[in-house]
>>> print(open('my_file-v3.cif').read())   # mmCIF, C-alpha atoms
data_data
#
loop_
_atom_site.label_atom_id
_atom_site.label_comp_id
_atom_site.auth_asym_id
_atom_site.auth_seq_id
_atom_site.Cartn_x
_atom_site.Cartn_y
_atom_site.Cartn_z
CA MET A 1 -4.22 -16.75 -20.85
CA GLU A 2 -5.57 -14.74 -23.69
CA ALA A 3 -5.92 -10.97 -23.41
CA GLN A 4 -9.37 -9.50 -23.04
CA SER A 5 -10.48 -7.70 -26.15
CA LEU A 6 -10.76 -3.94 -25.81
CA PRO A 7 -14.22 -2.45 -26.29
CA GLY A 8 -15.13 -1.07 -29.66
CA GLY A 9 -17.78 1.52 -30.21
CA THR A 10 -20.03 1.57 -33.25
CA SER A 11 -23.03 3.86 -32.84
CA VAL A 12 -26.61 2.66 -32.58
CA PRO A 13 -29.77 4.72 -32.20
CA LEU A 14 -30.10 6.70 -28.96
CA VAL A 15 -27.06 5.19 -27.21
CA SER A 16 -23.84 3.61 -28.43
CA ARG A 17 -23.39 -0.16 -28.27
CA ARG A 18 -20.59 0.27 -25.74
CA THR A 19 -22.70 2.55 -23.56
CA ALA A 20 -25.68 0.23 -23.75
CA ILE A 21 -23.59 -2.75 -22.66
CA GLN A 22 -21.97 -0.75 -19.87
CA LEU A 23 -25.32 0.44 -18.59
CA ALA A 24 -26.86 -2.98 -18.92
CA LEU A 25 -24.09 -4.67 -17.02
CA LEU A 26 -24.68 -2.29 -14.16
CA GLY A 27 -28.16 -3.64 -13.58
CA SER A 28 -27.29 -7.23 -14.37
CA VAL A 29 -24.42 -7.40 -11.89
CA THR A 30 -26.62 -5.97 -9.17
CA ARG A 31 -29.32 -8.57 -9.74
CA ALA A 32 -26.91 -11.50 -10.04
CA ALA A 33 -24.74 -10.77 -6.98
CA ASN A 34 -24.46 -13.39 -4.25
CA THR A 35 -25.99 -12.73 -0.85
CA PRO A 36 -23.50 -10.52 1.04
CA ARG A 37 -21.83 -11.86 4.17
CA ARG A 38 -20.64 -10.09 7.31
CA GLY A 39 -19.39 -6.58 6.60
CA SER A 40 -21.61 -6.26 3.54
CA GLY A 41 -22.35 -2.63 4.31
CA THR A 42 -18.72 -1.61 3.78
CA ALA A 43 -17.56 0.10 0.58
CA CYS A 44 -14.00 0.60 -0.65
CA ILE A 45 -12.23 3.48 -2.41
CA VAL A 46 -8.76 2.82 -3.83
CA PHE A 47 -6.38 5.61 -4.86
CA PHE A 48 -4.07 3.78 -7.26
CA LEU A 49 -0.86 5.76 -7.81
CA ASP A 50 0.02 4.36 -11.22
CA GLY A 51 3.76 4.04 -11.72
CA GLY A 52 4.68 3.39 -8.08
CA GLN A 53 5.27 6.24 -5.65
CA SER A 54 8.45 6.72 -3.66
CA HIS A 55 7.87 5.56 -0.09
CA HIS A 56 10.94 7.55 1.03
CA ASP A 57 9.42 10.80 -0.20
CA THR A 58 5.83 10.23 0.98
CA ILE A 59 4.89 8.10 4.00
CA ASP A 60 8.17 6.44 5.05
CA PRO A 61 10.72 9.29 5.23
CA LYS A 62 14.30 8.58 6.32
CA PRO A 63 15.51 11.86 7.83
CA LEU A 64 18.63 10.29 9.40
CA ALA A 65 19.80 8.48 6.25
CA PRO A 66 22.60 9.76 3.98
CA ALA A 67 21.59 12.51 1.55
CA GLU A 68 21.52 10.17 -1.46
CA VAL A 69 18.90 8.08 0.38
CA ARG A 70 17.14 10.81 2.35
CA GLY A 71 16.43 12.94 -0.72
CA GLU A 72 15.44 16.59 -0.85
CA PHE A 73 12.37 16.59 1.40
CA ALA A 74 12.26 16.95 5.16
CA ALA A 75 10.19 14.86 7.57
CA ILE A 76 7.44 16.45 9.66
CA GLU A 77 5.62 15.29 12.77
CA THR A 78 1.99 14.29 12.61
CA THR A 79 -0.86 14.35 15.12
CA VAL A 80 0.27 10.92 16.36
CA PRO A 81 3.54 11.08 18.31
CA GLY A 82 6.31 9.15 16.58
CA ILE A 83 4.69 9.07 13.14
CA GLN A 84 6.36 11.24 10.51
CA LEU A 85 5.47 12.02 6.91
CA THR A 86 7.25 13.98 4.23
CA ASP A 87 6.84 17.72 4.51
CA GLN A 88 5.00 17.61 1.17
CA LEU A 89 1.95 16.04 2.88
CA PRO A 90 1.05 18.67 5.49
CA LEU A 91 -2.72 18.14 5.32
CA LEU A 92 -2.51 14.39 5.88
CA ALA A 93 -0.06 14.99 8.72
CA LYS A 94 -2.87 16.77 10.60
CA GLN A 95 -5.08 13.67 10.82
CA ALA A 96 -2.74 10.74 11.36
CA GLU A 97 -5.03 9.34 14.05
CA HIS A 98 -7.53 8.49 11.32
CA TYR A 99 -5.35 6.22 9.17
CA SER A 100 -2.70 3.52 9.40
CA ILE A 101 0.50 3.09 7.42
CA VAL A 102 2.00 -0.30 6.61
CA ARG A 103 5.71 0.27 5.96
CA SER A 104 6.85 -3.33 5.49
CA LEU A 105 4.91 -4.52 2.43
CA PHE A 106 6.68 -6.36 -0.36
CA HIS A 107 6.06 -8.60 -3.36
CA GLY A 108 9.48 -8.65 -4.99
CA ASN A 109 8.67 -7.97 -8.67
CA PRO A 110 9.95 -4.56 -9.90
CA SER A 111 8.38 -4.80 -13.38
CA HIS A 112 5.34 -2.59 -13.94
CA ALA A 113 3.00 -5.10 -15.58
CA PRO A 114 3.36 -8.02 -13.14
CA ALA A 115 3.41 -5.62 -10.17
CA GLU A 116 0.30 -3.74 -11.31
CA HIS A 117 -1.39 -7.08 -11.85
CA GLN A 118 -0.43 -8.02 -8.27
CA MET A 119 -1.75 -4.80 -6.77
CA LEU A 120 -4.96 -4.59 -8.82
CA THR A 121 -5.96 -8.27 -8.79
CA GLY A 122 -4.20 -9.77 -5.75
CA TRP A 123 -2.22 -12.11 -8.05
CA MET A 124 1.25 -11.60 -9.48
CA GLY A 125 1.16 -11.25 -13.26
CA SER A 126 3.38 -13.47 -15.36
CA ARG A 127 3.71 -11.35 -18.51
CA PRO A 128 6.63 -8.98 -19.24
CA GLY A 129 6.23 -5.23 -19.18
CA THR A 130 5.52 -5.07 -22.90
CA ALA A 131 2.24 -6.97 -22.41
CA ARG A 132 0.40 -4.37 -20.37
CA ALA A 133 -2.98 -5.24 -21.88
CA VAL A 134 -3.00 -8.83 -20.60
CA ILE A 135 -5.08 -9.53 -17.50
CA GLU A 136 -4.86 -13.04 -16.12
CA LYS A 137 -7.06 -12.80 -13.02
CA PRO A 138 -10.13 -10.70 -12.14
CA SER A 139 -9.50 -7.29 -10.65
CA LEU A 140 -10.21 -6.49 -7.01
CA GLY A 141 -13.23 -4.46 -8.07
CA SER A 142 -14.57 -7.22 -10.29
CA VAL A 143 -14.32 -9.74 -7.45
CA VAL A 144 -16.21 -7.35 -5.19
CA SER A 145 -18.77 -6.78 -7.93
CA LYS A 146 -19.31 -10.52 -8.31
CA LEU A 147 -19.51 -11.41 -4.61
CA ARG A 148 -21.04 -8.30 -3.13
CA GLY A 149 -22.90 -6.51 -5.89
CA SER A 150 -24.20 -3.01 -5.33
CA ARG A 151 -25.33 -1.74 -1.95
CA HIS A 152 -28.33 -0.03 -3.56
CA SER A 153 -30.56 -1.16 -6.41
CA GLY A 154 -29.92 0.60 -9.71
CA ILE A 155 -26.41 1.76 -8.72
CA PRO A 156 -23.28 0.15 -10.20
CA PRO A 157 -21.29 -2.05 -7.81
CA TYR A 158 -17.88 -1.18 -9.31
CA VAL A 159 -16.94 2.21 -10.78
CA ALA A 160 -13.62 3.20 -12.33
CA VAL A 161 -12.68 6.87 -12.00
CA PRO A 162 -11.82 8.68 -14.18
CA TRP A 163 -11.49 5.90 -16.77
CA SER A 164 -11.60 2.16 -16.65
CA PHE A 165 -8.47 0.22 -17.47
CA HIS A 166 -8.52 0.09 -21.26
CA HIS A 167 -5.04 0.34 -22.73
CA GLU A 168 -6.10 2.85 -25.40
CA TYR A 169 -6.55 5.52 -22.70
CA GLY A 170 -3.11 5.03 -21.20
CA GLY A 171 -4.35 3.55 -17.93
CA SER A 172 -3.50 0.21 -16.40
CA PRO A 173 -5.51 -2.64 -17.96
CA PHE A 174 -5.62 -4.68 -14.78
CA GLY A 175 -8.91 -3.42 -13.41
CA GLN A 176 -10.97 -5.61 -15.71
CA ALA A 177 -12.99 -8.76 -15.03
CA SER A 178 -11.04 -11.50 -16.85
CA TYR A 179 -12.89 -14.84 -16.54
CA LEU A 180 -15.63 -13.35 -14.34
CA GLY A 181 -17.09 -12.02 -17.56
CA PRO A 182 -18.57 -8.74 -18.79
CA ARG A 183 -21.12 -8.49 -16.00
CA CYS A 184 -18.26 -7.70 -13.59
CA GLU A 185 -16.52 -5.04 -15.67
CA PRO A 186 -16.25 -1.55 -14.14
CA PHE A 187 -18.66 1.23 -14.97
CA GLU A 188 -16.61 4.13 -16.35
CA SER A 189 -17.01 7.66 -15.11
CA GLY A 190 -15.07 9.37 -17.90
CA HIS A 191 -12.64 12.21 -17.28
CA LEU A 192 -13.60 14.65 -14.55
CA PRO A 193 -13.18 18.43 -14.70
CA LYS A 194 -9.92 19.97 -13.53
CA SER A 195 -11.73 22.95 -12.07
CA ALA A 196 -14.09 23.03 -9.09
CA ASP A 197 -16.59 25.21 -10.95
CA GLN A 198 -16.98 23.11 -14.10
CA PRO A 199 -19.98 20.80 -14.70
CA PHE A 200 -19.55 17.09 -15.20
CA GLU A 201 -21.61 14.50 -17.06
CA VAL A 202 -20.86 10.80 -17.36
CA PRO A 203 -20.54 9.96 -21.07
CA ALA A 204 -22.35 6.64 -20.60
CA LEU A 205 -25.36 8.39 -19.07
CA ALA A 206 -25.67 10.99 -21.82
CA LEU A 207 -28.15 10.49 -24.65
CA GLN A 208 -27.00 10.73 -28.23
CA PRO A 209 -27.53 14.12 -29.92
CA HIS A 210 -31.05 14.98 -31.15
CA ASN A 211 -32.70 12.55 -28.76
CA SER A 212 -34.64 13.06 -25.55
CA ARG A 213 -35.97 10.94 -22.71
CA PRO A 214 -39.60 11.21 -23.91
CA ARG A 215 -38.48 9.91 -27.30
CA LEU A 216 -36.53 7.11 -25.61
CA ARG A 217 -39.63 6.14 -23.61
CA ARG A 218 -41.70 5.99 -26.81
CA ARG A 219 -39.14 3.81 -28.56
CA ARG A 220 -38.86 1.56 -25.56
CA GLY A 221 -42.64 1.11 -25.61
CA LEU A 222 -42.50 0.19 -29.30
CA LEU A 223 -39.69 -2.27 -28.65
CA GLU A 224 -41.71 -3.90 -25.85
CA GLN A 225 -44.66 -4.36 -28.22
CA LEU A 226 -42.43 -5.99 -30.83
CA ASP A 227 -40.88 -8.22 -28.16
CA ARG A 228 -44.31 -9.41 -27.08
CA TYR A 229 -45.12 -10.46 -30.65
CA ALA A 230 -41.78 -12.25 -30.98
CA LYS A 231 -41.74 -13.78 -27.52
CA GLY A 232 -42.61 -17.27 -28.63
CA ASN A 233 -39.68 -17.42 -31.06
CA ARG A 234 -36.95 -15.78 -28.98
CA ASP A 235 -33.90 -17.89 -28.22
CA GLU A 236 -31.74 -17.51 -25.13
CA MET A 237 -29.24 -15.13 -26.76
CA ILE A 238 -31.96 -12.79 -27.97
CA GLY A 239 -33.47 -12.86 -24.50
CA ARG A 240 -30.17 -11.83 -22.90
CA LYS A 241 -29.75 -9.02 -25.42
CA GLY A 242 -33.24 -7.80 -24.61
CA SER A 243 -32.40 -7.83 -20.92
CA PHE A 244 -29.31 -5.70 -21.56
CA TRP A 245 -31.34 -3.12 -23.46
CA ASP A 246 -34.00 -3.08 -20.75
CA ASP A 247 -31.32 -2.27 -18.18
CA ALA A 248 -29.77 0.40 -20.40
CA HIS A 249 -33.13 2.08 -20.95
CA GLN A 250 -33.93 1.96 -17.24
CA LEU A 251 -30.69 3.69 -16.29
CA LEU A 252 -31.04 6.38 -18.92
CA LEU A 253 -34.58 7.10 -17.79
CA ASP A 254 -33.95 6.91 -14.04
CA ASN A 255 -32.41 9.97 -12.42
CA GLU A 256 -30.96 8.16 -9.39
CA ALA A 257 -27.74 6.96 -11.02
CA ARG A 258 -27.36 10.26 -12.87
CA GLN A 259 -27.67 12.21 -9.62
CA ALA A 260 -24.98 10.09 -7.96
CA PHE A 261 -22.52 11.32 -10.58
CA ASP A 262 -23.73 14.94 -10.53
CA LEU A 263 -21.07 17.09 -8.87
CA THR A 264 -23.25 20.19 -9.15
CA GLN A 265 -25.24 18.76 -6.22
CA GLU A 266 -22.28 19.70 -4.02
CA THR A 267 -21.59 23.21 -2.74
CA PRO A 268 -18.96 25.25 -4.59
CA ALA A 269 -17.08 25.57 -1.31
CA LEU A 270 -16.76 21.80 -0.86
CA ARG A 271 -15.74 21.28 -4.47
CA ALA A 272 -13.05 23.91 -4.01
CA GLN A 273 -11.92 22.26 -0.78
CA TYR A 274 -11.30 18.98 -2.62
CA GLY A 275 -9.20 20.94 -5.13
CA SER A 276 -9.37 22.31 -8.65
CA HIS A 277 -7.77 19.29 -10.25
CA GLU A 278 -9.07 15.99 -11.56
CA TRP A 279 -7.95 13.91 -8.57
CA GLY A 280 -9.75 16.21 -6.15
CA GLN A 281 -12.98 16.20 -8.12
CA ALA A 282 -12.62 12.43 -8.55
CA ALA A 283 -12.24 11.98 -4.79
CA LEU A 284 -15.42 13.99 -4.25
CA LEU A 285 -17.19 11.87 -6.85
CA SER A 286 -15.96 8.74 -5.07
CA ARG A 287 -17.59 9.91 -1.84
CA ARG A 288 -20.85 10.61 -3.69
CA LEU A 289 -20.73 7.15 -5.25
CA VAL A 290 -20.22 5.18 -2.03
CA GLU A 291 -22.89 7.34 -0.39
CA ALA A 292 -25.28 6.37 -3.21
CA GLY A 293 -24.52 2.64 -2.88
CA VAL A 294 -21.46 1.85 -5.02
CA THR A 295 -19.41 -0.88 -3.35
CA PHE A 296 -15.98 -0.43 -4.97
CA VAL A 297 -14.40 2.67 -6.53
CA MET A 298 -11.03 2.52 -8.27
CA LEU A 299 -9.62 6.05 -8.58
CA GLN A 300 -6.59 5.95 -10.85
CA CYS A 301 -4.25 8.82 -10.04
CA GLY A 302 -2.12 9.07 -13.15
CA LEU A 303 -3.22 7.36 -16.34
CA LYS A 304 0.26 7.17 -17.86
CA GLN A 305 2.33 5.98 -14.92
CA ASP A 306 2.74 9.52 -13.63
CA TRP A 307 4.38 8.23 -10.43
CA ASP A 308 7.18 6.48 -12.35
CA THR A 309 9.74 9.11 -11.37
CA HIS A 310 12.98 7.82 -12.87
CA ASP A 311 14.06 11.43 -13.35
CA LYS A 312 13.24 14.75 -11.68
CA ASN A 313 11.64 12.87 -8.81
CA PHE A 314 11.58 15.78 -6.40
CA PRO A 315 10.18 18.59 -8.57
CA ARG A 316 7.58 16.22 -10.04
CA LEU A 317 6.43 15.16 -6.59
CA LYS A 318 6.54 18.68 -5.16
CA ASP A 319 4.92 20.56 -8.05
CA GLN A 320 2.62 18.04 -9.74
CA LEU A 321 1.82 14.94 -7.72
CA LEU A 322 1.83 15.36 -3.96
CA PRO A 323 -0.16 18.61 -3.50
CA PRO A 324 -3.31 17.33 -5.28
CA LEU A 325 -3.02 13.92 -3.64
CA ASP A 326 -2.57 15.45 -0.18
CA ARG A 327 -5.61 17.67 -0.61
CA ALA A 328 -7.81 15.02 -2.25
CA VAL A 329 -7.17 12.24 0.29
CA SER A 330 -7.21 14.45 3.39
CA THR A 331 -10.44 16.18 2.34
CA LEU A 332 -12.07 12.84 1.55
CA LEU A 333 -11.19 11.44 4.98
CA THR A 334 -12.62 14.51 6.69
CA ASP A 335 -15.75 14.44 4.53
CA LEU A 336 -16.36 10.75 5.25
CA ARG A 337 -16.10 11.34 8.99
CA GLN A 338 -18.42 14.33 8.94
CA ARG A 339 -21.05 12.33 7.05
CA GLY A 340 -20.82 9.27 9.26
CA LEU A 341 -19.35 7.17 6.45
CA GLU A 342 -15.88 6.52 7.84
CA GLN A 343 -16.52 3.17 9.54
CA ASN A 344 -18.26 1.74 6.48
CA THR A 345 -15.81 3.06 3.87
CA LEU A 346 -12.33 1.56 3.52
CA VAL A 347 -9.82 3.87 1.79
CA LEU A 348 -6.55 2.52 0.36
CA VAL A 349 -3.73 4.65 -1.07
CA MET A 350 -1.20 2.51 -2.92
CA GLY A 351 0.96 2.05 -6.00
CA GLU A 352 2.36 -1.09 -7.59
CA PHE A 353 5.70 -0.87 -5.72
CA GLY A 354 8.10 1.64 -4.15
CA ARG A 355 11.23 3.33 -5.45
CA THR A 356 14.93 2.65 -4.98
CA PRO A 357 16.61 3.76 -1.75
CA LYS A 358 19.37 5.60 -3.56
CA VAL A 359 18.61 8.60 -5.79
CA ASN A 360 19.96 7.96 -9.30
CA ASN A 361 22.09 10.26 -11.48
CA LYS A 362 18.93 11.79 -13.02
CA ALA A 363 17.69 12.94 -9.62
CA GLY A 364 15.09 10.18 -9.77
CA ARG A 365 14.33 6.87 -8.12
CA ASP A 366 13.88 3.59 -9.96
CA HIS A 367 11.57 0.59 -9.42
CA TRP A 368 11.76 -1.18 -6.04
CA ALA A 369 9.50 -3.99 -4.82
CA GLU A 370 11.53 -5.35 -1.89
CA VAL A 371 9.67 -3.03 0.47
CA PHE A 372 7.07 -0.28 0.06
CA SER A 373 4.31 1.45 1.99
CA VAL A 374 0.54 1.84 1.79
CA MET A 375 -2.00 3.93 3.69
CA LEU A 376 -5.37 2.62 4.90
CA ALA A 377 -8.23 4.53 6.51
CA GLY A 378 -11.76 3.76 7.68
CA GLY A 379 -13.42 0.44 7.02
CA GLY A 380 -13.83 -0.45 10.69
CA LEU A 381 -10.09 -1.06 11.05
CA ARG A 382 -7.78 0.12 13.84
CA HIS A 383 -5.96 3.34 12.95
CA GLY A 384 -3.50 5.92 14.25
CA GLN A 385 -0.53 3.56 13.90
CA VAL A 386 2.42 2.51 11.80
CA ILE A 387 2.66 -1.22 11.15
CA GLY A 388 6.01 -2.77 10.40
CA ALA A 389 9.13 -0.89 9.37
CA SER A 390 11.66 -0.75 6.59
CA ASP A 391 15.36 -0.66 7.40
CA GLN A 392 17.36 2.54 7.86
CA HIS A 393 17.66 3.01 4.09
CA GLY A 394 14.12 1.97 3.20
CA ALA A 395 15.48 -0.99 1.26
CA TYR A 396 14.07 -4.10 2.98
CA PRO A 397 11.57 -4.94 5.72
CA ALA A 398 13.13 -4.63 9.15
CA ASP A 399 10.07 -5.49 11.24
CA ARG A 400 6.88 -7.46 10.62
CA PRO A 401 7.14 -7.99 6.84
CA TYR A 402 3.82 -8.44 5.08
CA HIS A 403 3.28 -9.64 1.52
CA ALA A 404 0.81 -7.80 -0.70
CA HIS A 405 -1.44 -10.86 -0.32
CA ASP A 406 -1.93 -9.87 3.31
CA LEU A 407 -3.05 -6.37 2.37
CA PHE A 408 -5.78 -7.76 0.13
CA ALA A 409 -6.80 -10.39 2.65
CA THR A 410 -7.32 -7.43 5.02
CA MET A 411 -9.34 -5.57 2.40
CA TYR A 412 -11.58 -8.57 1.71
CA HIS A 413 -12.01 -9.12 5.45
CA ALA A 414 -13.27 -5.56 5.84
CA LEU A 415 -15.66 -6.08 2.92
CA GLY A 416 -17.03 -9.35 4.27
CA ILE A 417 -15.61 -11.49 1.46
CA ASP A 418 -14.06 -14.91 2.03
CA PRO A 419 -10.78 -14.94 0.03
CA HIS A 420 -11.04 -18.74 -0.25
CA THR A 421 -14.18 -18.44 -2.39
CA LEU A 422 -13.67 -20.36 -5.62
CA PHE A 423 -14.27 -19.09 -9.13
CA HIS A 424 -13.82 -21.07 -12.33
CA ASP A 425 -11.71 -19.78 -15.20
CA ARG A 426 -12.48 -20.22 -18.91
CA GLN A 427 -11.09 -23.76 -18.79
CA GLY A 428 -13.29 -24.65 -15.83
CA ARG A 429 -10.44 -24.77 -13.33
CA PRO A 430 -11.30 -23.72 -9.74
CA ILE A 431 -9.35 -20.63 -8.65
CA PRO A 432 -9.70 -18.91 -5.26
CA VAL A 433 -10.14 -15.18 -4.80
CA LEU A 434 -6.62 -15.11 -3.30
CA ALA A 435 -3.90 -17.73 -3.48
CA ALA A 436 -2.48 -16.83 -0.07
CA GLY A 437 -2.52 -14.20 2.66
CA GLN A 438 -4.02 -13.48 6.06
CA PRO A 439 -5.52 -10.23 7.38
CA ILE A 440 -2.91 -8.00 9.01
CA PRO A 441 -3.68 -8.54 12.72
CA GLU A 442 -2.65 -5.06 13.89
CA LEU A 443 -5.37 -3.55 11.70
CA LEU A 444 -8.17 -5.67 13.10
CA THR A 445 -10.31 -4.38 15.91
CA SER A 446 -11.05 -6.61 18.87
CA ALA A 447 -14.43 -7.33 17.27
CA GLY A 448 -12.86 -8.11 13.87
#
>>> encode(input="my_file-v3.cif", output="structure tokens")
Amino acid sequence: MEAQSLPGGTSVPLVSRRTAIQLALLGSVTRAANTPRRGSGTACIVFFLDGGQSHHDTIDPKPLAPAEVRGEFAAIETTVPGIQLTDQLPLLAKQAEHYSIVRSLFHGNPSHAPAEHQMLTGWMGSRPGTARAVIEKPSLGSVVSKLRGSRHSGIPPYVAVPWSFHHEYGGSPFGQASYLGPRCEPFESGHLPKSADQPFEVPALALQPHNSRPRLRRRRGLLEQLDRYAKGNRDEMIGRKGSFWDDAHQLLLDNEARQAFDLTQETPALRAQYGSHEWGQAALLSRRLVEAGVTFVMLQCGLKQDWDTHDKNFPRLKDQLLPPLDRAVSTLLTDLRQRGLEQNTLVLVMGEFGRTPKVNNKAGRDHWAEVFSVMLAGGGLRHGQVIGASDQHGAYPADRPYHAHDLFATMYHALGIDPHTLFHDRQGRPIPVLAAGQPIPELLTSAG
């Protein structure tokens, strides 16, 4: 399947072409979405740990294994008896009753590109690692955008934080819409501040220099007059273009979407609690977005495969990666509960695979897809448990193995989406949302 072209960006008056399309798609996807099914009030936030985090050194520690498997971190008890985490996640250890860990996931492909494709679309990719920009199936967020739309008019259904998945920015390309088309592409937040006291403005919602909203309103009025004169001669393509510009103008003139992205609406204390780093501020933004009506948020933690720790695994995790993740995720879970959003917000923390059981000669861990772990919270699922287990070395499933398909079947179940729903690709072939998989039964409530 051909790769999706990356967006360009030639400037046009008032807003760029890319911004106009992005803003327009926001409104168009919302209007075109199918009628939601059961669970349609549920939103989803995904922390994608690009590069694949070590399960041994995060949420599946092996304190009794040999040193070359155990690694340098200790295991600590959590608030749920019998559940341990690495000692580098002390904040998450204090609220284990509010999430579940699946320790027996697998998909078997240790190459970044196919594995990222699997974990961001629900389908294993077929291209080698050198073809990172090729997306063969729609992303999870694009599927949700198509079938659920936004939960509030005028708010984007699918937002990518901090960037979307365009290869030029170093992020994974597999969050795009593929054959679902441009209406299901993510709305991009842009990079967030790394300090809790810095302002933040979404590039796509900012007017071009030397322009103002009154001027935009006047120009929109002039454009509407010209459109009325030309209405009798407009073809379908011109009509669609006009609709895109109408949506773009509406979003630039309406404060609702802008306010959803405005972190200055939050108290300095809460911003500081999330952490003075991009992941913390992005987690806070994610909560604001689902509160405003966004249905799916993809928060990419590490735009250049930061979690790909082939060398210096332990200092990189201890000094750079785990402290901000621990603070961001734990604060988000607390914030969601305090605001009454926990049951209707599913949170996933996952990478594309795990890391090798044995530490290599560079004090790192290499790719490993035979078993890995993910964390789930909220979403009306059953929590305070560990599901499945890896063996004593964290090398293979030892109990209740689940394929990645099952994780995404669970996610779609929580979101009220039938994974057997058929789409049609560019050749007209019917393709289901998922090729296989069943919801993980231990996560389902008795009412699920």
>>> closest_atom_pairs(input="my_file-v3.cif", of="segment 60-153 of chain A", to="segment 390-393 of chain A", cutoff="7 Å", atoms="all atoms listed in the file", output="tab-separated table")
residue	atom	partner	partner_atom	distance
A:Lys62	CA	A:His393	CA	6.9
A:Ala65	CA	A:His393	CA	6.3
A:Val69	CA	A:His393	CA	6.4
A:Arg103	CA	A:Ser390	CA	6.1
A:Ser104	CA	A:Ser390	CA	5.6
>>> closest_residue(input="my_file-v3.cif", among="A:Thr356, A:Ser172, A:Ser139, A:Ser286", to="Ser54 of chain A", atoms="all atoms listed in the file")
A:Thr356
>>> resolve_selection(input="my_file-v3.cif", expression="the PyMOL selection byres ((chain A and resi 380-388) around 8)", output="short mmCIF file (atom, residue, chain, number, x, y, z; two decimals) with C-alpha atoms, in the coordinates of the input")
data_model
loop_
_atom_site.label_atom_id
_atom_site.label_comp_id
_atom_site.auth_asym_id
_atom_site.auth_seq_id
_atom_site.Cartn_x
_atom_site.Cartn_y
_atom_site.Cartn_z
CA VAL A 80 0.27 10.92 16.36
CA ILE A 83 4.69 9.07 13.14
CA ALA A 96 -2.74 10.74 11.36
CA GLU A 97 -5.03 9.34 14.05
CA HIS A 98 -7.53 8.49 11.32
CA TYR A 99 -5.35 6.22 9.17
CA SER A 100 -2.70 3.52 9.40
CA ILE A 101 0.50 3.09 7.42
CA VAL A 102 2.00 -0.30 6.61
CA ARG A 103 5.71 0.27 5.96
CA SER A 104 6.85 -3.33 5.49
CA GLU A 342 -15.88 6.52 7.84
CA GLN A 343 -16.52 3.17 9.54
CA ASN A 344 -18.26 1.74 6.48
CA THR A 345 -15.81 3.06 3.87
CA LEU A 346 -12.33 1.56 3.52
CA ALA A 377 -8.23 4.53 6.51
CA GLY A 378 -11.76 3.76 7.68
CA GLY A 379 -13.42 0.44 7.02
CA ALA A 389 9.13 -0.89 9.37
CA SER A 390 11.66 -0.75 6.59
CA PRO A 397 11.57 -4.94 5.72
CA ALA A 398 13.13 -4.63 9.15
CA ASP A 399 10.07 -5.49 11.24
CA ARG A 400 6.88 -7.46 10.62
CA PRO A 401 7.14 -7.99 6.84
CA ALA A 414 -13.27 -5.56 5.84
CA GLU A 442 -2.65 -5.06 13.89
CA LEU A 443 -5.37 -3.55 11.70
CA LEU A 444 -8.17 -5.67 13.10
CA THR A 445 -10.31 -4.38 15.91
#
>>> closest_residue(input="my_file-v3.cif", among="A:Ser150, A:Gln95, A:Gln305, A:Gln53", to="Leu332 of chain A", atoms="all atoms listed in the file")
A:Gln95
>>> atom_distance(input="my_file-v3.cif", atom1="atom CA of Asp366 of chain A", atom2="atom CA of Asp308 of chain A")
7.7 Å
>>> atom_distance(input="my_file-v3.cif", atom1="atom CA of Thr79 of chain A", atom2="atom CA of Val359 of chain A")
29.1 Å
